[in-house]
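Novice: So here's entry-v8.txt, just compact mmCIF, C-alpha atoms and all ligand atoms:
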# COMPACT_ATOMS: atom_id res chain seq x y z
CA MET P 1 -62.95 -26.41 -83.06
CA THR P 2 -60.24 -23.90 -82.20
CA SER P 3 -58.75 -21.40 -84.60
CA ALA P 4 -55.20 -22.39 -83.68
CA PRO P 5 -52.96 -23.11 -86.64
CA SER P 6 -52.16 -26.73 -87.27
CA VAL P 7 -48.64 -28.02 -86.76
CA ILE P 8 -48.11 -27.85 -90.54
CA GLU P 9 -49.22 -24.21 -90.61
CA GLN P 10 -46.87 -23.41 -87.76
CA LEU P 11 -43.98 -24.86 -89.73
CA LEU P 12 -44.84 -22.98 -92.92
CA LEU P 13 -45.76 -19.58 -91.52
CA PRO P 14 -43.00 -17.30 -90.30
CA ALA P 15 -43.54 -16.88 -86.56
CA GLU P 16 -45.29 -13.65 -85.76
CA CYS P 17 -46.33 -11.98 -82.53
CA LEU P 18 -49.85 -12.90 -81.49
CA LEU P 19 -50.60 -9.32 -80.46
CA CYS P 20 -48.92 -6.96 -82.97
CA HIS P 21 -48.20 -9.46 -85.78
CA ALA P 22 -44.59 -8.29 -86.12
CA LEU P 23 -42.28 -11.06 -87.25
CA LEU P 24 -40.44 -12.62 -84.34
CA ALA P 25 -36.66 -12.52 -84.36
CA PRO P 26 -35.08 -15.99 -84.72
CA ARG P 27 -34.07 -15.98 -81.05
CA ASP P 28 -37.74 -15.37 -80.10
CA ALA P 29 -39.11 -17.96 -82.52
CA SER P 30 -40.38 -20.17 -79.70
CA ARG P 31 -42.29 -17.21 -78.20
CA VAL P 32 -45.87 -16.26 -78.90
CA VAL P 33 -45.62 -12.59 -77.87
CA CYS P 34 -42.78 -10.32 -79.01
CA PRO P 35 -40.54 -8.48 -76.49
CA VAL P 36 -42.11 -5.10 -77.35
CA CYS P 37 -45.62 -6.32 -76.54
CA ARG P 38 -44.47 -8.08 -73.39
CA HIS P 39 -42.87 -4.81 -72.33
CA ARG P 40 -46.22 -3.04 -72.71
CA TRP P 41 -47.85 -5.23 -70.07
CA ARG P 42 -48.29 -2.97 -67.05
CA PRO P 43 -46.84 -4.48 -63.85
CA VAL P 44 -48.94 -4.34 -60.70
CA ARG P 45 -46.90 -2.16 -58.35
CA PRO P 46 -47.12 -0.77 -54.80
CA PRO P 47 -48.57 1.07 -52.97
CA TRP P 48 -50.79 -1.90 -52.35
CA CYS P 49 -52.34 -3.96 -49.58
CA LYS P 50 -49.32 -5.97 -48.41
CA ARG P 51 -51.44 -9.09 -48.18
CA CYS P 52 -53.53 -9.23 -51.35
CA GLY P 53 -51.57 -6.88 -53.59
CA GLN P 54 -54.60 -4.76 -54.45
CA PRO P 55 -53.98 -0.98 -54.74
CA GLU P 56 -54.08 0.54 -51.27
CA PRO P 57 -57.57 1.52 -50.10
CA HIS P 58 -58.28 5.24 -49.76
CA PHE P 59 -59.13 4.77 -46.10
CA GLY P 60 -59.47 1.97 -43.59
CA PRO P 61 -58.41 -1.66 -43.92
CA CYS P 62 -58.51 -3.57 -47.21
CA ARG P 63 -61.98 -5.00 -47.87
CA LEU P 64 -60.78 -7.42 -50.49
CA CYS P 65 -58.78 -9.78 -48.25
CA ARG P 66 -60.57 -9.11 -44.94
CA ASP P 67 -62.40 -12.46 -44.94
CA TRP P 68 -59.64 -14.62 -46.39
CA PRO P 69 -58.53 -17.71 -44.44
CA THR P 70 -55.57 -16.94 -42.16
CA ALA P 71 -53.22 -19.27 -44.03
CA LEU P 72 -53.49 -17.19 -47.22
CA SER P 73 -50.94 -14.54 -46.32
CA LEU P 74 -49.62 -13.19 -49.60
CA VAL P 75 -51.07 -12.88 -53.10
CA ARG P 76 -49.45 -11.12 -56.03
CA SER P 77 -50.28 -10.65 -59.70
CA ALA P 78 -47.75 -9.83 -62.39
CA VAL P 79 -49.60 -7.42 -64.67
CA TRP P 80 -52.87 -5.55 -65.04
CA LEU P 81 -55.31 -7.16 -67.43
CA SER P 82 -54.94 -4.45 -70.10
CA ASP P 83 -52.54 -3.48 -72.88
CA GLY P 84 -52.61 -6.86 -74.59
CA ALA P 85 -52.43 -8.92 -71.37
CA ARG P 86 -56.14 -9.73 -71.62
CA GLU P 87 -55.66 -10.99 -75.18
CA ALA P 88 -52.73 -13.12 -74.02
CA VAL P 89 -54.87 -14.79 -71.34
CA HIS P 90 -57.64 -15.26 -73.89
CA ALA P 91 -55.19 -17.01 -76.22
CA LEU P 92 -54.18 -19.30 -73.37
CA LYS P 93 -57.74 -20.16 -72.36
CA TYR P 94 -59.70 -20.10 -75.57
CA GLY P 95 -57.22 -19.86 -78.44
CA GLY P 96 -55.66 -23.29 -78.07
CA LEU P 97 -52.25 -21.70 -77.49
CA PRO P 98 -50.90 -23.35 -74.32
CA ARG P 99 -47.28 -22.57 -75.24
CA ILE P 100 -47.96 -18.90 -74.49
CA VAL P 101 -47.47 -19.90 -70.82
CA ASP P 102 -43.72 -19.34 -71.15
CA ASP P 103 -44.35 -15.67 -71.96
CA LEU P 104 -46.78 -15.30 -69.07
CA ALA P 105 -44.60 -17.19 -66.59
CA ALA P 106 -41.61 -15.00 -67.47
CA ALA P 107 -43.62 -11.94 -66.38
CA MET P 108 -44.70 -13.71 -63.16
CA ALA P 109 -41.23 -14.95 -62.29
CA ALA P 110 -39.76 -11.45 -62.59
CA ASP P 111 -41.55 -10.52 -59.38
CA LEU P 112 -39.90 -11.25 -56.08
CA PHE P 113 -41.80 -14.02 -54.43
CA PRO P 114 -40.82 -15.86 -51.27
CA THR P 115 -40.20 -19.41 -52.48
CA ASP P 116 -37.62 -21.71 -50.99
CA GLU P 117 -36.78 -25.39 -51.15
CA ALA P 118 -39.87 -26.15 -49.05
CA SER P 119 -42.22 -24.51 -51.59
CA VAL P 120 -44.44 -26.26 -54.08
CA LEU P 121 -46.69 -24.87 -56.80
CA VAL P 122 -50.36 -25.85 -56.67
CA PRO P 123 -52.44 -25.21 -59.78
CA ILE P 124 -56.09 -24.25 -59.32
CA PRO P 125 -57.89 -27.29 -60.73
CA LEU P 126 -60.35 -26.99 -63.57
CA ALA P 127 -63.77 -28.58 -63.46
CA PRO P 128 -63.67 -31.91 -65.36
CA LYS P 129 -66.13 -30.73 -67.99
CA ARG P 130 -64.08 -27.64 -68.81
CA LEU P 131 -60.89 -29.71 -68.78
CA ARG P 132 -62.39 -32.00 -71.42
CA GLN P 133 -63.45 -29.03 -73.56
CA ARG P 134 -60.10 -27.24 -73.35
CA GLY P 135 -57.85 -30.27 -73.34
CA TYR P 136 -55.57 -28.78 -70.68
CA ASN P 137 -55.76 -26.84 -67.45
CA GLN P 138 -54.32 -23.39 -68.10
CA SER P 139 -53.36 -22.94 -64.42
CA GLU P 140 -51.45 -26.19 -64.45
CA ALA P 141 -49.66 -25.22 -67.67
CA LEU P 142 -48.70 -21.91 -66.01
CA ALA P 143 -47.53 -23.69 -62.86
CA ARG P 144 -45.34 -26.04 -64.91
CA ALA P 145 -43.79 -23.10 -66.77
CA LEU P 146 -43.12 -21.34 -63.44
CA ALA P 147 -41.69 -24.55 -62.01
CA ARG P 148 -39.10 -24.62 -64.79
CA LEU P 149 -38.03 -21.07 -63.87
CA TRP P 150 -38.14 -21.43 -60.10
CA ARG P 151 -36.98 -25.05 -59.94
CA ILE P 152 -39.64 -26.09 -57.46
CA PRO P 153 -42.16 -28.90 -58.01
CA VAL P 154 -45.79 -28.77 -59.08
CA VAL P 155 -48.07 -30.82 -56.87
CA ASP P 156 -51.76 -31.39 -57.52
CA VAL P 157 -53.07 -31.30 -53.96
CA LEU P 158 -56.46 -29.88 -54.89
CA ILE P 159 -59.44 -31.54 -56.49
CA ARG P 160 -62.39 -29.65 -57.91
CA SER P 161 -65.23 -31.09 -55.92
CA ARG P 162 -68.01 -29.52 -57.93
CA GLU P 163 -68.63 -27.50 -61.05
CA THR P 164 -69.02 -23.77 -60.53
CA ALA P 165 -70.83 -21.27 -62.69
CA THR P 166 -68.55 -19.06 -64.73
CA GLN P 167 -67.42 -16.15 -62.56
CA THR P 168 -67.32 -13.47 -65.22
CA ALA P 169 -70.66 -11.79 -64.63
CA LEU P 170 -70.72 -12.02 -60.83
CA THR P 171 -70.21 -9.35 -58.17
CA PRO P 172 -67.46 -9.81 -55.54
CA GLU P 173 -69.97 -11.09 -52.94
CA THR P 174 -71.65 -13.61 -55.22
CA ARG P 175 -68.29 -14.80 -56.53
CA LEU P 176 -67.37 -15.98 -53.06
CA ALA P 177 -70.66 -17.84 -52.65
CA ASN P 178 -70.24 -19.33 -56.11
CA VAL P 179 -66.94 -21.05 -55.29
CA ALA P 180 -67.74 -21.99 -51.67
CA GLY P 181 -66.90 -25.66 -51.15
CA ALA P 182 -65.62 -26.00 -54.71
CA PHE P 183 -62.34 -27.62 -53.71
CA THR P 184 -61.25 -30.59 -51.66
CA PRO P 185 -57.66 -31.35 -50.76
CA GLY P 186 -56.17 -34.38 -52.45
CA HIS P 187 -52.95 -36.17 -51.57
CA GLY P 188 -49.88 -34.83 -53.32
CA PRO P 189 -46.94 -37.22 -53.07
CA GLY P 190 -44.40 -36.16 -50.48
CA VAL P 191 -46.25 -33.05 -49.35
CA ASN P 192 -46.25 -32.35 -45.65
CA LEU P 193 -48.99 -29.75 -45.50
CA PRO P 194 -48.04 -27.95 -42.25
CA ALA P 195 -44.38 -27.64 -43.25
CA THR P 196 -44.73 -26.80 -46.93
CA SER P 197 -45.31 -23.37 -48.44
CA LEU P 198 -48.04 -23.88 -51.01
CA VAL P 199 -48.09 -21.40 -53.87
CA LEU P 200 -51.46 -21.41 -55.60
CA VAL P 201 -51.21 -20.61 -59.31
CA ASP P 202 -54.02 -19.17 -61.41
CA ASP P 203 -54.24 -17.19 -64.64
CA VAL P 204 -56.31 -14.23 -63.45
CA PHE P 205 -57.12 -12.58 -60.12
CA THR P 206 -60.42 -10.71 -60.03
CA THR P 207 -61.71 -10.64 -56.45
CA GLY P 208 -59.52 -13.42 -55.09
CA ALA P 209 -62.57 -15.60 -54.33
CA THR P 210 -61.16 -18.66 -56.08
CA LEU P 211 -57.75 -18.40 -54.39
CA ALA P 212 -59.40 -17.81 -51.00
CA GLU P 213 -61.63 -20.87 -51.35
CA ALA P 214 -58.75 -23.07 -52.49
CA ALA P 215 -56.65 -21.80 -49.56
CA ARG P 216 -59.54 -22.54 -47.18
CA ALA P 217 -59.64 -26.18 -48.32
CA LEU P 218 -55.87 -26.49 -47.88
CA GLU P 219 -55.98 -24.80 -44.47
CA GLN P 220 -58.67 -27.20 -43.29
CA ALA P 221 -56.40 -30.05 -44.40
CA GLY P 222 -53.55 -28.71 -42.27
CA ALA P 223 -51.71 -26.19 -44.46
CA ARG P 224 -50.32 -23.20 -42.56
CA THR P 225 -48.67 -21.18 -45.31
CA VAL P 226 -50.47 -20.54 -48.56
CA TYR P 227 -49.49 -17.94 -51.14
CA GLY P 228 -51.09 -17.10 -54.44
CA ILE P 229 -49.71 -15.86 -57.72
CA THR P 230 -51.54 -14.98 -60.91
CA PHE P 231 -50.46 -13.60 -64.26
CA GLY P 232 -53.23 -11.02 -64.67
CA ARG P 233 -55.22 -8.83 -62.29
CA ALA P 234 -58.56 -7.45 -63.40
CA VAL P 235 -59.52 -3.93 -62.43
CA ILE P 236 -62.61 -4.05 -60.21
CA PRO P 237 -64.74 -0.98 -60.96
CA ASP P 238 -65.50 1.20 -57.91
CA PHE P 239 -63.62 -1.08 -55.54
CA THR P 240 -61.12 0.73 -53.33
ZN ZN J 301 -45.85 -7.86 -80.49
ZN ZN J 302 -55.96 -6.74 -49.10
Take the structure I supplied and represent it as structure tokens, if you would.
Specialist:
Amino acid sequence: MTSAPSVIEQLLLPAECLLCHALLAPRDASRVVCPVCRHRWRPVRPPWCKRCGQPEPHFGPCRLCRDWPTALSLVRSAVWLSDGAREAVHALKYGGLPRIVDDLAAAMAADLFPTDEASVLVPIPLAPKRLRQRGYNQSEALARALARLWRIPVVDVLIRSRETATQTALTPETRLANVAGAFTPGHGPGVNLPATSLVLVDDVFTTGATLAEAARALEQAGARTVYGITFGRAVIPDFT
């Protein structure tokens, strides 16, 4: 069971911000997070590694994206996973609040990202078991919200080929091993892999292992240009 309010409760309760519980103004009634709390989310900003968007290393090349597949050329995250952003992701994944995606997508869409008419959004697929438990794929919900803002299609060209252990407690090295071979390319209608810019969409970036593995599967299927965008970016302790 989730703790989400029922439809009836939503109709009876005045809409309040998930994070600070302030009443939402009528014009924000469809939102889950109020403008003040959304403003507190801390954008990820340069100086950063131009490829993976991680804060610039103190010396030498970036270790985080060194082993990524060549096709994965640009990854960006909207905000750091702090100041209420973590709670917002939690509400999306575990709180049964999929409509929060519009708040998250608005923060993602504010960033300049190189999409054009040849771009499609590709959600990171969820393992079937987790999809059954949650009832929806949070990455797909995010991709659909972004698609409404960017006016480009969502195409499911990835299939989760095996279940993976939850990544939360793993180190960067074991995360990569954990997702190795986790994806296989499917057949999105009307997608010409070499000519299309594929924008992978996920909720959170931690080490980039999931995006890198998904990009590897797409690259092996013929994709040449893969980008990645996430709402949140976790701080990796002692990783510069
Ligand atoms: Zn608020
Ligand atoms: Zn990098």
Novice: Would you list the residues that come within 9 Å of ligand ZN 302 (chain J)? Count only C-alpha atoms and all ligand atoms and give the answer as a list in words.
Specialist: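 Checked against 9 Å with only C-alpha atoms and all ligand atoms; the hits are Trp48, Cys49, Lys50, Arg51, Cys52, Gly53, Gln54, Pro55, Glu56, Pro57, Pro61, Cys62, Arg63, Leu64, Cys65, Arg66 and Val75 of chain P.
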Novice: Counting all atoms listed in the file, which protein, DNA or RNA residues come within 10 Å of ligand ZN 301 (chain J), given as number ranges by chain?
Specialist: P: 16-24, 32-40, 84
Novice: In Å to one decimal, how far is atom CA of Trp41 of chain P from atom CA of Ala85 of chain P?
Specialist: 6.0 Å
Novice: Would you mind reading off the distance between atom CA of Ala71 of chain P and atom CA of Ala214 of chain P, one decimal, in Å?
Specialist: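 Atom CA of Ala214 of chain P lies 10.8 Å from atom CA of Ala71 of chain P.
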Novice: Can you tell me how far atom CA of Leu92 of chain P sits from atom CA of Pro26 of chain P, in Å to one decimal?
Specialist: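 Those two atoms sit 22.5 Å apart.
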Novice: Check which residues of segment 48-107 of chain P sit at most 9 Å from segment 141-157 of chain P using all atoms listed in the file, and return one row each with the closest pair of atoms and their distance in Å to one decimal, ordered by chain and rising number, as a tab-separated table.
Specialist:
residue	atom	partner	partner_atom	distance
P:Pro98	CA	P:Ala141	CA	7.0
P:Arg99	CA	P:Ala141	CA	8.4
P:Val101	CA	P:Leu142	CA	5.4
P:Asp102	CA	P:Ala145	CA	5.8
P:Leu104	CA	P:Leu142	CA	7.5
P:Ala105	CA	P:Leu146	CA	5.4
P:Ala106	CA	P:Leu146	CA	7.7
